[in-house]
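Data block for upload03.cif (mmCIF, C-alpha atoms):
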```cif
data_entry
loop_
_atom_site.label_atom_id
_atom_site.label_comp_id
_atom_site.auth_asym_id
_atom_site.auth_seq_id
_atom_site.Cartn_x
_atom_site.Cartn_y
_atom_site.Cartn_z
CA MET A 1 110.17 92.49 72.65
CA PRO A 2 111.52 94.71 69.91
CA ALA A 3 115.03 95.99 70.60
CA GLY A 4 113.96 99.36 69.13
CA LEU A 5 111.41 99.92 71.88
CA PHE A 6 113.99 98.92 74.45
CA ASP A 7 116.37 101.52 73.00
CA GLU A 8 113.71 104.20 73.37
CA VAL A 9 112.84 103.30 76.94
CA VAL A 10 116.21 102.39 78.41
CA LEU A 11 119.01 104.17 76.56
CA PRO A 12 117.90 107.70 77.55
CA HIS A 13 118.66 106.70 81.14
CA LEU A 14 122.08 105.24 80.49
CA ASP A 15 123.85 108.12 82.25
CA ALA A 16 121.72 107.65 85.35
CA ALA A 17 122.42 103.91 85.24
CA TYR A 18 126.15 104.47 84.85
CA ASN A 19 126.31 107.14 87.55
CA LEU A 20 124.63 104.86 90.10
CA ALA A 21 126.75 101.85 89.13
CA ARG A 22 129.93 103.93 89.23
CA TRP A 23 129.20 105.24 92.71
CA LEU A 24 128.19 101.85 94.09
CA THR A 25 131.12 99.92 92.59
CA ARG A 26 133.60 102.85 92.76
CA SER A 27 135.29 101.64 89.59
CA ASP A 28 134.97 102.69 85.94
CA ALA A 29 135.53 99.23 84.54
CA ASP A 30 133.18 97.50 87.00
CA ALA A 31 130.45 100.08 86.39
CA ASP A 32 130.81 99.43 82.67
CA ASP A 33 130.32 95.68 83.15
CA VAL A 34 127.49 96.04 85.64
CA VAL A 35 125.51 98.42 83.41
CA GLN A 36 125.79 96.06 80.45
CA GLU A 37 124.63 93.16 82.56
CA ALA A 38 121.80 95.26 83.99
CA CYS A 39 120.63 96.25 80.49
CA VAL A 40 120.51 92.63 79.41
CA ARG A 41 118.51 91.84 82.54
CA ALA A 42 116.23 94.79 81.85
CA LEU A 43 115.59 93.38 78.39
CA ARG A 44 114.70 90.02 79.88
CA PHE A 45 112.37 91.60 82.44
CA PHE A 46 110.91 94.06 79.94
CA GLY A 47 107.55 92.33 80.31
CA GLY A 48 107.48 93.52 83.91
CA TYR A 49 107.91 97.14 82.90
CA ARG A 50 104.61 98.93 83.48
CA GLY A 51 105.21 101.91 81.23
CA ASN A 52 105.78 104.60 83.86
CA ASN A 53 109.03 105.86 85.28
CA ALA A 54 111.52 104.04 83.08
CA ARG A 55 114.40 105.61 84.97
CA GLY A 56 113.31 104.30 88.36
CA TRP A 57 112.64 100.87 86.86
CA LEU A 58 116.10 100.74 85.27
CA LEU A 59 117.83 102.10 88.38
CA ALA A 60 116.28 99.37 90.51
CA ILE A 61 117.70 96.75 88.14
CA VAL A 62 121.11 98.48 88.07
CA ARG A 63 121.13 98.64 91.84
CA ASN A 64 120.40 94.93 92.16
CA SER A 65 123.06 94.14 89.56
CA CYS A 66 125.57 96.18 91.57
CA TYR A 67 124.74 94.28 94.73
CA ASP A 68 125.06 90.96 92.90
CA PHE A 69 128.39 92.08 91.48
CA LEU A 70 129.70 93.14 94.88
CA ARG A 71 128.44 89.93 96.46
CA ARG A 72 130.47 87.95 93.91
CA HIS A 73 133.64 90.02 93.81
CA ARG A 74 133.88 92.09 96.98
CA PRO A 75 131.59 90.50 99.54
CA GLN A 76 133.34 92.31 102.37
CA GLU A 77 131.78 95.57 101.20
CA LEU A 78 128.32 94.18 101.80
CA THR A 79 129.16 92.54 105.08
CA ASP A 80 131.28 95.41 106.38
CA ALA A 81 129.38 95.53 109.59
CA PHE A 82 127.93 98.91 109.90
CA ASP A 83 125.35 98.95 112.57
CA GLU A 84 122.96 101.77 112.04
CA GLU A 85 122.68 102.19 115.78
CA ILE A 86 126.42 102.46 116.37
CA HIS A 87 126.91 104.80 113.48
CA THR A 88 124.26 107.13 114.71
CA ALA A 89 125.87 110.47 115.22
CA VAL A 90 123.14 112.60 113.84
CA GLU A 91 122.39 114.80 116.78
CA ASP A 92 123.72 118.26 116.29
CA THR A 93 126.98 117.39 114.65
CA GLN A 94 126.10 120.17 112.28
CA THR A 95 128.03 123.13 113.52
CA PRO A 96 128.55 126.51 111.94
CA GLU A 97 132.07 125.38 110.97
CA ALA A 98 130.42 123.00 108.58
CA LEU A 99 129.71 126.05 106.50
CA LEU A 100 133.34 125.77 105.52
CA LEU A 101 132.48 122.87 103.31
CA ARG A 102 131.34 125.41 100.81
CA ARG A 103 135.02 125.71 100.15
CA ALA A 104 135.50 122.00 100.04
CA ASP A 105 136.68 121.15 96.61
CA ARG A 106 135.25 118.52 94.38
CA ALA A 107 137.95 115.94 95.03
CA MET A 108 137.32 116.09 98.75
CA VAL A 109 133.59 115.75 98.34
CA ARG A 110 134.09 112.78 96.05
CA GLN A 111 136.42 111.13 98.49
CA ALA A 112 134.03 111.71 101.37
CA LEU A 113 131.16 110.18 99.37
CA GLU A 114 133.25 107.14 98.53
CA THR A 115 133.99 106.46 102.18
CA LEU A 116 130.30 106.29 103.09
CA PRO A 117 128.89 102.82 103.79
CA LEU A 118 127.21 101.39 100.70
CA ALA A 119 123.66 101.65 102.08
CA TRP A 120 124.11 105.34 102.89
CA ARG A 121 125.98 106.11 99.69
CA GLU A 122 123.16 104.83 97.52
CA VAL A 123 120.48 107.00 99.14
CA ILE A 124 122.70 110.08 98.89
CA ILE A 125 123.48 109.45 95.21
CA LEU A 126 119.83 108.82 94.37
CA ARG A 127 118.69 111.90 96.27
CA GLU A 128 121.38 114.51 95.61
CA LEU A 129 122.77 113.49 92.23
CA GLU A 130 119.75 111.82 90.67
CA GLY A 131 117.15 114.06 92.33
CA LEU A 132 114.74 111.22 93.18
CA SER A 133 111.97 111.71 95.73
CA TYR A 134 111.94 109.70 98.95
CA LYS A 135 109.23 107.48 97.49
CA GLN A 136 111.24 106.82 94.34
CA ILE A 137 114.36 106.05 96.37
CA ALA A 138 112.35 103.65 98.52
CA ASP A 139 111.19 101.85 95.35
CA VAL A 140 114.63 101.67 93.77
CA ALA A 141 116.41 100.45 96.90
CA GLY A 142 113.55 98.28 98.12
CA ILE A 143 113.40 99.92 101.55
CA LYS A 144 110.80 101.86 103.52
CA ILE A 145 110.49 105.64 103.23
CA GLY A 146 111.34 105.94 106.94
CA THR A 147 114.57 104.06 106.26
CA VAL A 148 115.32 106.38 103.35
CA MET A 149 114.95 109.35 105.68
CA SER A 150 117.07 107.96 108.50
CA ARG A 151 119.83 106.84 106.13
CA LEU A 152 119.87 110.23 104.43
CA ALA A 153 120.14 112.01 107.77
CA ARG A 154 122.98 109.75 108.90
CA ALA A 155 124.79 109.97 105.59
CA ARG A 156 124.60 113.74 105.64
CA ALA A 157 125.78 113.96 109.23
CA ARG A 158 128.77 111.81 108.31
CA LEU A 159 129.54 113.96 105.30
CA GLN A 160 129.35 117.07 107.44
CA GLN A 161 131.84 115.51 109.82
CA LEU A 162 134.22 114.41 107.08
CA LEU A 163 134.06 117.59 105.06
CA GLY A 164 133.78 119.96 107.97
CA SER A 165 136.91 118.70 109.70
CA ASP A 166 138.86 118.28 106.48
CA ALA A 167 137.96 121.75 105.34
CA THR A 168 138.95 123.16 108.69
CA ARG A 169 142.28 121.44 108.57
CA GLU A 170 142.98 122.65 105.08
CA VAL A 171 142.13 126.20 105.97
CA ALA A 172 144.33 126.01 109.08
CA GLN A 173 147.38 124.91 107.12
CA MET B 1 107.13 124.55 115.79
CA ASN B 2 109.96 124.19 118.27
CA CYS B 3 113.66 123.72 117.54
CA SER B 4 113.72 119.93 117.75
CA GLU B 5 110.72 119.61 115.44
CA VAL B 6 112.36 121.96 112.96
CA ARG B 7 115.65 120.08 113.09
CA SER B 8 113.93 116.77 112.51
CA LEU B 9 112.34 118.19 109.37
CA VAL B 10 115.28 120.11 107.92
CA HIS B 11 116.18 117.32 105.51
CA ALA B 12 112.64 116.80 104.34
CA HIS B 13 112.34 120.55 103.83
CA LEU B 14 115.49 120.83 101.75
CA ASP B 15 114.48 117.75 99.78
CA GLY B 16 111.14 119.30 98.89
CA GLU B 17 109.17 116.58 100.66
CA LEU B 18 107.06 118.81 102.91
CA ASP B 19 103.68 120.38 102.32
CA LEU B 20 103.55 124.15 101.89
CA VAL B 21 102.23 124.88 105.39
CA ARG B 22 105.12 123.13 107.11
CA GLN B 23 107.63 124.62 104.68
CA VAL B 24 106.49 128.10 105.64
CA GLU B 25 106.55 127.25 109.34
CA ILE B 26 110.13 126.08 109.08
CA ASP B 27 111.18 129.12 107.05
CA ASP B 28 109.66 131.39 109.70
CA HIS B 29 111.36 129.56 112.52
CA VAL B 30 114.74 129.53 110.78
CA ARG B 31 114.58 133.27 110.21
CA GLN B 32 114.15 133.86 113.93
CA CYS B 33 116.37 131.15 115.44
CA GLU B 34 120.10 131.48 114.89
CA ALA B 35 120.98 127.96 116.01
CA CYS B 36 118.48 126.38 113.63
CA GLN B 37 119.53 128.73 110.89
CA ALA B 38 123.14 127.54 111.20
CA ILE B 39 122.01 123.91 110.86
CA TYR B 40 119.77 124.72 107.97
CA GLU B 41 122.48 126.63 106.15
CA SER B 42 125.09 123.95 106.66
CA GLN B 43 122.72 121.32 105.25
CA ARG B 44 121.99 123.53 102.32
CA ALA B 45 125.72 124.06 101.77
CA LEU B 46 126.23 120.29 101.79
CA SER B 47 123.45 119.78 99.26
CA SER B 48 124.87 122.37 96.91
CA ALA B 49 128.38 120.95 97.30
CA LEU B 50 126.99 117.57 96.23
CA LYS B 51 125.25 119.03 93.24
CA THR B 52 128.41 120.28 91.57
CA ASP B 53 128.74 118.94 88.06
CA GLY B 54 131.97 117.12 88.63
CA LEU B 55 130.40 114.47 90.83
CA TYR B 56 128.04 113.05 88.24
CA PHE B 57 129.56 110.26 86.16
CA THR B 58 128.19 110.30 82.65
CA ALA B 59 128.31 107.10 80.66
CA PRO B 60 131.29 106.88 78.29
CA ALA B 61 130.31 106.84 74.61
CA SER B 62 131.70 103.34 74.26
CA LEU B 63 129.21 102.04 76.82
CA GLN B 64 126.21 102.95 74.70
CA ARG B 65 127.69 100.95 71.81
CA LYS B 66 128.43 97.99 74.07
CA VAL B 67 124.93 98.05 75.54
CA ARG B 68 123.36 98.16 72.09
CA ALA B 69 125.47 95.23 71.00
CA ALA B 70 124.69 93.23 74.15
CA VAL B 71 120.98 93.95 73.80
CA ARG B 72 120.94 93.00 70.11
CA ALA B 73 122.74 89.76 70.86
CA THR B 74 120.15 88.91 73.51
CA ALA B 75 117.09 90.25 71.75
CA GLU B 76 117.51 88.66 68.38
CA PRO B 77 117.52 85.01 69.35
CA SER B 78 114.48 85.55 71.54
CA GLN B 79 112.68 87.41 68.77
CA TRP B 80 113.43 84.56 66.45
CA TRP B 81 112.13 82.25 69.13
CA SER B 82 108.87 84.11 69.66
CA ARG B 83 108.34 84.53 65.92
CA ALA B 84 108.94 80.87 65.38
CA PHE B 85 106.38 80.05 68.02
CA SER B 86 103.69 82.49 66.95
CA PRO B 87 100.54 80.69 65.83
CA GLN B 88 101.01 81.68 62.18
CA ARG B 89 104.51 80.29 61.97
CA LEU B 90 103.44 77.20 63.81
CA ALA B 91 100.84 76.61 61.17
CA LEU B 92 103.49 76.88 58.47
CA ALA B 93 106.52 75.19 59.91
CA GLY B 94 105.36 74.12 63.33
CA ALA B 95 104.92 70.40 63.26
CA ALA B 96 108.40 69.65 61.99
CA ALA B 97 110.05 72.13 64.31
CA ILE B 98 108.26 70.77 67.35
CA VAL B 99 109.27 67.23 66.57
CA ILE B 100 112.90 68.29 66.25
CA ILE B 101 112.86 70.41 69.38
CA ALA B 102 111.06 67.76 71.39
CA ALA B 103 113.60 65.18 70.31
CA ILE B 104 116.51 67.42 71.25
CA ALA B 105 115.22 69.07 74.37
CA GLY B 106 113.50 66.10 75.90
CA PRO B 107 110.00 65.57 77.20
CA ILE B 108 110.15 67.97 80.15
CA VAL B 109 111.13 71.00 78.14
CA SER B 110 108.70 70.19 75.38
CA ARG B 111 105.96 69.76 77.95
CA ARG B 112 106.78 73.19 79.34
CA SER B 113 106.92 74.91 75.95
CA HIS B 114 103.64 73.20 75.11
CA ASP B 115 102.07 74.66 78.25
CA ASP B 116 103.62 78.03 77.41
CA GLN B 117 102.04 77.83 74.02
CA ILE B 118 98.62 77.10 75.52
CA ALA B 119 99.10 79.85 78.10
CA GLN B 120 99.78 82.27 75.28
CA GLU B 121 96.73 81.05 73.38
CA VAL B 122 94.31 81.30 76.30
CA VAL B 123 95.61 84.71 77.36
CA SER B 124 95.22 85.93 73.77
CA ALA B 125 91.71 84.46 73.67
CA HIS B 126 90.94 86.25 76.94
CA ILE B 127 92.20 89.57 75.57
CA ARG B 128 90.27 89.11 72.31
CA SER B 129 87.08 88.42 74.23
CA LEU B 130 87.46 91.76 76.01
CA MET B 131 88.58 93.77 72.97
CA ALA B 132 85.96 92.66 70.51
CA SER B 133 83.12 92.83 73.04
CA HIS B 134 82.65 89.18 72.28
CA LEU B 135 82.57 87.88 75.77
CA THR B 136 79.59 85.61 75.31
CA ASP B 137 77.61 83.81 72.62
CA VAL B 138 75.01 82.80 75.13
CA LEU B 139 74.38 85.51 77.65
CA SER B 140 72.94 83.95 80.72
CA SER B 141 73.70 83.69 84.37
CA ASP B 142 71.77 80.43 84.51
CA GLN B 143 74.00 77.37 84.35
CA HIS B 144 71.03 75.35 83.07
CA THR B 145 70.80 77.62 80.04
CA VAL B 146 74.53 77.83 79.37
CA LYS B 147 75.36 74.14 79.61
CA PRO B 148 72.77 72.90 77.06
CA TRP B 149 73.79 75.69 74.68
CA PHE B 150 77.10 73.93 74.12
CA ALA B 151 75.37 70.68 73.17
CA GLY B 152 75.75 70.09 69.44
CA LYS B 153 78.46 72.73 69.18
CA LEU B 154 81.14 70.76 70.96
CA ASP B 155 82.01 67.08 71.12
CA PHE B 156 82.06 67.26 74.91
CA SER B 157 79.86 68.71 77.60
CA PRO B 158 81.71 71.20 79.80
CA PRO B 159 80.91 71.37 83.50
CA VAL B 160 79.11 74.67 84.10
CA VAL B 161 78.74 75.95 87.64
CA ASP B 162 77.38 79.22 88.91
CA LEU B 163 79.37 80.82 91.70
CA LYS B 164 77.21 83.86 92.23
CA ASP B 165 76.78 83.11 95.92
CA GLN B 166 80.58 83.15 96.22
CA GLY B 167 80.99 86.50 94.46
CA PHE B 168 81.77 85.12 91.00
CA PRO B 169 78.54 85.40 88.99
CA LEU B 170 78.37 83.49 85.71
CA VAL B 171 77.96 85.87 82.77
CA GLY B 172 77.63 83.42 79.91
CA GLY B 173 79.45 81.09 77.57
CA ARG B 174 80.93 81.10 74.11
CA LEU B 175 82.93 78.98 71.73
CA ASP B 176 86.63 79.64 71.42
CA TYR B 177 89.50 77.94 69.68
CA VAL B 178 92.59 76.72 71.54
CA GLU B 179 95.10 73.97 70.84
CA ASN B 180 93.68 73.52 67.35
CA ARG B 181 90.20 72.61 68.51
CA PRO B 182 86.95 74.32 69.46
CA ILE B 183 86.57 74.64 73.19
CA ALA B 184 84.14 76.01 75.76
CA ALA B 185 84.81 79.42 77.28
CA LEU B 186 82.78 80.37 80.34
CA SER B 187 82.79 83.96 81.53
CA TYR B 188 82.51 85.01 85.13
CA ARG B 189 82.77 88.33 86.84
CA SER B 190 84.40 89.37 90.07
CA GLY B 191 83.58 93.01 90.64
CA GLN B 192 84.92 94.80 87.58
CA HIS B 193 87.18 91.89 86.61
CA VAL B 194 86.31 89.35 83.97
CA ILE B 195 87.40 85.75 84.38
CA ASN B 196 87.42 83.46 81.38
CA LEU B 197 87.37 79.78 82.19
CA PHE B 198 88.52 77.72 79.20
CA VAL B 199 87.49 74.07 79.24
CA TRP B 200 88.34 71.22 76.88
CA PRO B 201 89.02 67.48 77.05
CA SER B 202 92.52 66.44 77.99
CA THR B 203 94.49 64.04 75.84
CA SER B 204 96.14 62.66 78.94
CA SER B 205 94.23 60.58 81.46
CA ALA B 206 96.30 61.84 84.39
CA ASP B 207 95.06 64.64 86.62
CA ALA B 208 97.39 67.61 87.04
CA GLY B 209 97.57 69.99 89.96
CA GLU B 210 97.19 73.71 89.71
CA SER B 211 99.93 75.64 87.94
CA PHE B 212 100.27 79.35 87.51
CA VAL B 213 101.70 81.63 84.82
CA GLY B 214 101.61 85.39 84.42
CA ARG B 215 101.42 86.81 80.91
CA GLN B 216 101.12 90.43 79.76
CA GLY B 217 99.67 91.47 83.11
CA TYR B 218 97.12 88.65 83.16
CA ASN B 219 97.16 85.69 85.49
CA ALA B 220 96.44 82.21 84.26
CA LEU B 221 95.79 79.13 86.40
CA SER B 222 95.54 75.70 84.88
CA TRP B 223 94.68 72.26 86.13
CA THR B 224 93.52 68.95 84.70
CA ARG B 225 90.78 66.87 86.26
CA ASP B 226 88.55 64.06 85.07
CA HIS B 227 90.12 64.12 81.60
CA THR B 228 89.38 67.81 81.29
CA ASN B 229 91.75 70.78 80.97
CA PHE B 230 90.80 73.95 82.79
CA TRP B 231 92.45 77.34 82.28
CA ALA B 232 91.21 80.33 84.27
CA VAL B 233 92.49 83.66 82.95
CA SER B 234 91.92 87.09 84.44
CA ASP B 235 93.48 90.34 85.54
CA LEU B 236 92.20 89.41 89.00
CA ASN B 237 94.94 88.96 91.60
CA VAL B 238 96.35 85.48 92.04
CA THR B 239 94.87 84.85 95.48
CA GLU B 240 91.31 85.50 94.35
CA LEU B 241 91.86 83.62 91.11
CA ARG B 242 93.01 80.63 93.19
CA GLN B 243 89.83 80.92 95.26
CA PHE B 244 87.80 80.91 92.08
CA ALA B 245 89.67 77.86 90.78
CA GLN B 246 89.10 76.01 94.04
CA LEU B 247 85.37 76.79 93.92
CA VAL B 248 85.13 75.54 90.34
CA ARG B 249 86.81 72.29 91.36
CA ASP B 250 84.61 71.88 94.44
CA ARG B 251 81.38 72.53 92.60
CA SER B 252 82.03 70.67 89.37
CA GLY B 253 83.38 67.69 91.25
CA GLY B 254 79.87 66.91 92.51
CA GLY B 255 78.04 67.38 89.27
#
```
Give the structure from this file in structure tokens form.
Amino acid sequence: MPAGLFDEVVLPHLDAAYNLARWLTRSDADADDVVQEACVRALRFFGGYRGNNARGWLLAIVRNSCYDFLRRHRPQELTDAFDEEIHTAVEDTQTPEALLLRRADRAMVRQALETLPLAWREVIILRELEGLSYKQIADVAGIKIGTVMSRLARARARLQQLLGSDATREVAQ
Amino acid sequence: MNCSEVRSLVHAHLDGELDLVRQVEIDDHVRQCEACQAIYESQRALSSALKTDGLYFTAPASLQRKVRAAVRATAEPSQWWSRAFSPQRLALAGAAAIVIIAAIAGPIVSRRSHDDQIAQEVVSAHIRSLMASHLTDVLSSDQHTVKPWFAGKLDFSPPVVDLKDQGFPLVGGRLDYVENRPIAALSYRSGQHVINLFVWPSTSSADAGESFVGRQGYNALSWTRDHTNFWAVSDLNVTELRQFAQLVRDRSGGG
């Protein structure tokens, strides 16, 4: 496989790769390492690339590299028991006060995102920051579309809670 | 649409995953229902808060350099490898290189790279047969026409079976060239898919079970039986290709 072709296909999506890796590992240095490793893997698997949606293909590899990295270095983040049933708090947690999050500043939003469980964080990043469709997210994360939808709903409800209450507190001070 | 239906679809609506009819229904409902409107607006506020520029991490310039370097370091040895093992290079420098590599890497590895080499050759032969519209030299679905056609052209007589009743009609046969010798290539169809079955005498007397490789989107199954190598290559899925291989073994075993 010519490295030139690889450059054309993969390098345009380096920002997307880095953004995902950075959000999943929550560290600049680790994201740097993971993306390099993922690119080398992508090169090795280039034969499996079917010529459509290079970004989704690369993101799936980056995502798996992130999980491998976390499994090796911070396994507790993968095993941090978060039971989707227990964490369900979707029903009507969205209150008009949540509108206050419009005022929430960037640092707060970032912090809230970083506290989300890994499985929720990845769907939010892929949807809101990367703009992928449910189908594309399902492909990248290797989950069903129904799971994409339920994780998105739960992640958003949690963010509403975190940002809504924080914003309220800040305004009250 | 009632409130609970609307609320269950708010995310899908904001994410642009709904068809136009349902989008409009939700818009209408939200305009008239204050409670749903509050939920809708808060979700929209969340989405826009997440889309602020500051949250997206762009790759540092140094990363692009590092990735290029890492890719070059990985790509170049493998390019050298594949160039060295292309048929042309093999013809030039092959024999010596193989002896050296076989001595260093041991019989197992050399056996595998030998099979890889054949896999590459038969897949290339398969692709050539499709590209050049040279699928058959003898166009016949009759095994009793195809089999005698090879007589005098090859130093062996390939087993030719028709599998039309099993959904794999024989299309014909041709001569091909693999592993530095002329061999028999039999063409079958399965629906729109072409299967090439490459057959030539084995240098080893031992039978070998079925093994599978995927190359360039094609599937290749190989086995050795009665001193004969068989390679079936197709874009057919592996399950059906396995069925085909099993049928070939069953039928040619008897005759």
Near chain A, which residues of chain B fall within 6 Å when you count only C-alpha atoms, and what do they look like as a list in words? Ala38, Ile39, Ser42, Ala45, Phe57, Thr58, Ala59, Val67 and Val71 of chain B
Hits from the PyMOL selection byres ((chain B and resi 164) around 12), listed as a ChimeraX atom specification: /B:141-143,161-163,165-171,188-191,244,247-248
Tell me, as a PyMOL selection string, which residues lie within 8 Å of B:Val160, counting all atoms listed in the file; anything in the same chain fewer than 3 positions away does not count. chain B and resi 143+146-147+186+252
Could you write out the selected residues, including C-alpha atoms, as a short mmCIF file (atom, residue, chain, number, x, y, z; two decimals), in the frame of the given file?
```
data_model
loop_
_atom_site.label_atom_id
_atom_site.label_comp_id
_atom_site.auth_asym_id
_atom_site.auth_seq_id
_atom_site.Cartn_x
_atom_site.Cartn_y
_atom_site.Cartn_z
CA GLN B 143 74.00 77.37 84.35
CA VAL B 146 74.53 77.83 79.37
CA LYS B 147 75.36 74.14 79.61
CA LEU B 186 82.78 80.37 80.34
CA SER B 252 82.03 70.67 89.37
#
```
Residues near B:Val30, cut-off 12 Å, only C-alpha atoms, skip fewer than 4 positions along chain, as JSON, numbers by chain: {"B": [1, 2, 3, 4, 5, 6, 7, 9, 10, 13, 23, 24, 25, 26, 34, 35, 36, 37, 38, 39, 40, 41]}
Please produce a file of those selected residues containing C-alpha atoms, as a short mmCIF file (atom, residue, chain, number, x, y, z; two decimals), in the coordinates of the input.
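Result written to result-v2.cif:
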```cif
data_model
loop_
_atom_site.label_atom_id
_atom_site.label_comp_id
_atom_site.auth_asym_id
_atom_site.auth_seq_id
_atom_site.Cartn_x
_atom_site.Cartn_y
_atom_site.Cartn_z
CA MET B 1 107.13 124.55 115.79
CA ASN B 2 109.96 124.19 118.27
CA CYS B 3 113.66 123.72 117.54
CA SER B 4 113.72 119.93 117.75
CA GLU B 5 110.72 119.61 115.44
CA VAL B 6 112.36 121.96 112.96
CA ARG B 7 115.65 120.08 113.09
CA LEU B 9 112.34 118.19 109.37
CA VAL B 10 115.28 120.11 107.92
CA HIS B 13 112.34 120.55 103.83
CA GLN B 23 107.63 124.62 104.68
CA VAL B 24 106.49 128.10 105.64
CA GLU B 25 106.55 127.25 109.34
CA ILE B 26 110.13 126.08 109.08
CA GLU B 34 120.10 131.48 114.89
CA ALA B 35 120.98 127.96 116.01
CA CYS B 36 118.48 126.38 113.63
CA GLN B 37 119.53 128.73 110.89
CA ALA B 38 123.14 127.54 111.20
CA ILE B 39 122.01 123.91 110.86
CA TYR B 40 119.77 124.72 107.97
CA GLU B 41 122.48 126.63 106.15
#
```
Nearest to B:Ala49, chosen from A:Gly56, A:Ala112, A:Phe45, A:Asn64, with only C-alpha atoms counted in the distances: A:Ala112
Evaluated on this file, the PyMOL selection byres ((chain B and resi 198) around 8) picks out some residues - which ones are they, written as an NGL selection string? :B and (122 or 183-186 or 196-197 or 199-200 or 229-232)
Answer key for the PyMOL selection byres ((chain B and resi 201) around 12), residues as a VMD selection string: chain B and resid 154 to 159 178 to 179 181 to 184 198 to 200 202 to 207 223 to 231
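What separates atom CA of B:Ala125 from atom CA of B:Thr74 is a distance of 28.8 Å.
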In Å, how far is it from atom CA of A:Ile61 to atom CA of A:Ile143?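 It comes out at 14.4 Å.
With all atoms listed in the file as the atoms that count, the minimum distance from B:Arg249 to the choices B:Ser124, B:Gln117, B:Asn180, B:Ser222 is reached by B:Ser222.
When atom CA of B:His11 is paired with atom CA of A:Ala54, their separation reads 26.5 Å.
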Restricting to all atoms listed in the file, whichever of A:Ala155, A:Leu162, A:Leu59, A:Ala29 is closest to A:Ala119 is A:Ala155
Name the closest residue to A:Asp30 among the candidates A:Leu70, A:Val9, A:Arg158, A:Gly142; distances are taken between atoms, counting all atoms listed in the file.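 Comparing A:Leu70, A:Val9, A:Arg158, A:Gly142 against A:Asp30, the winner is A:Leu70.
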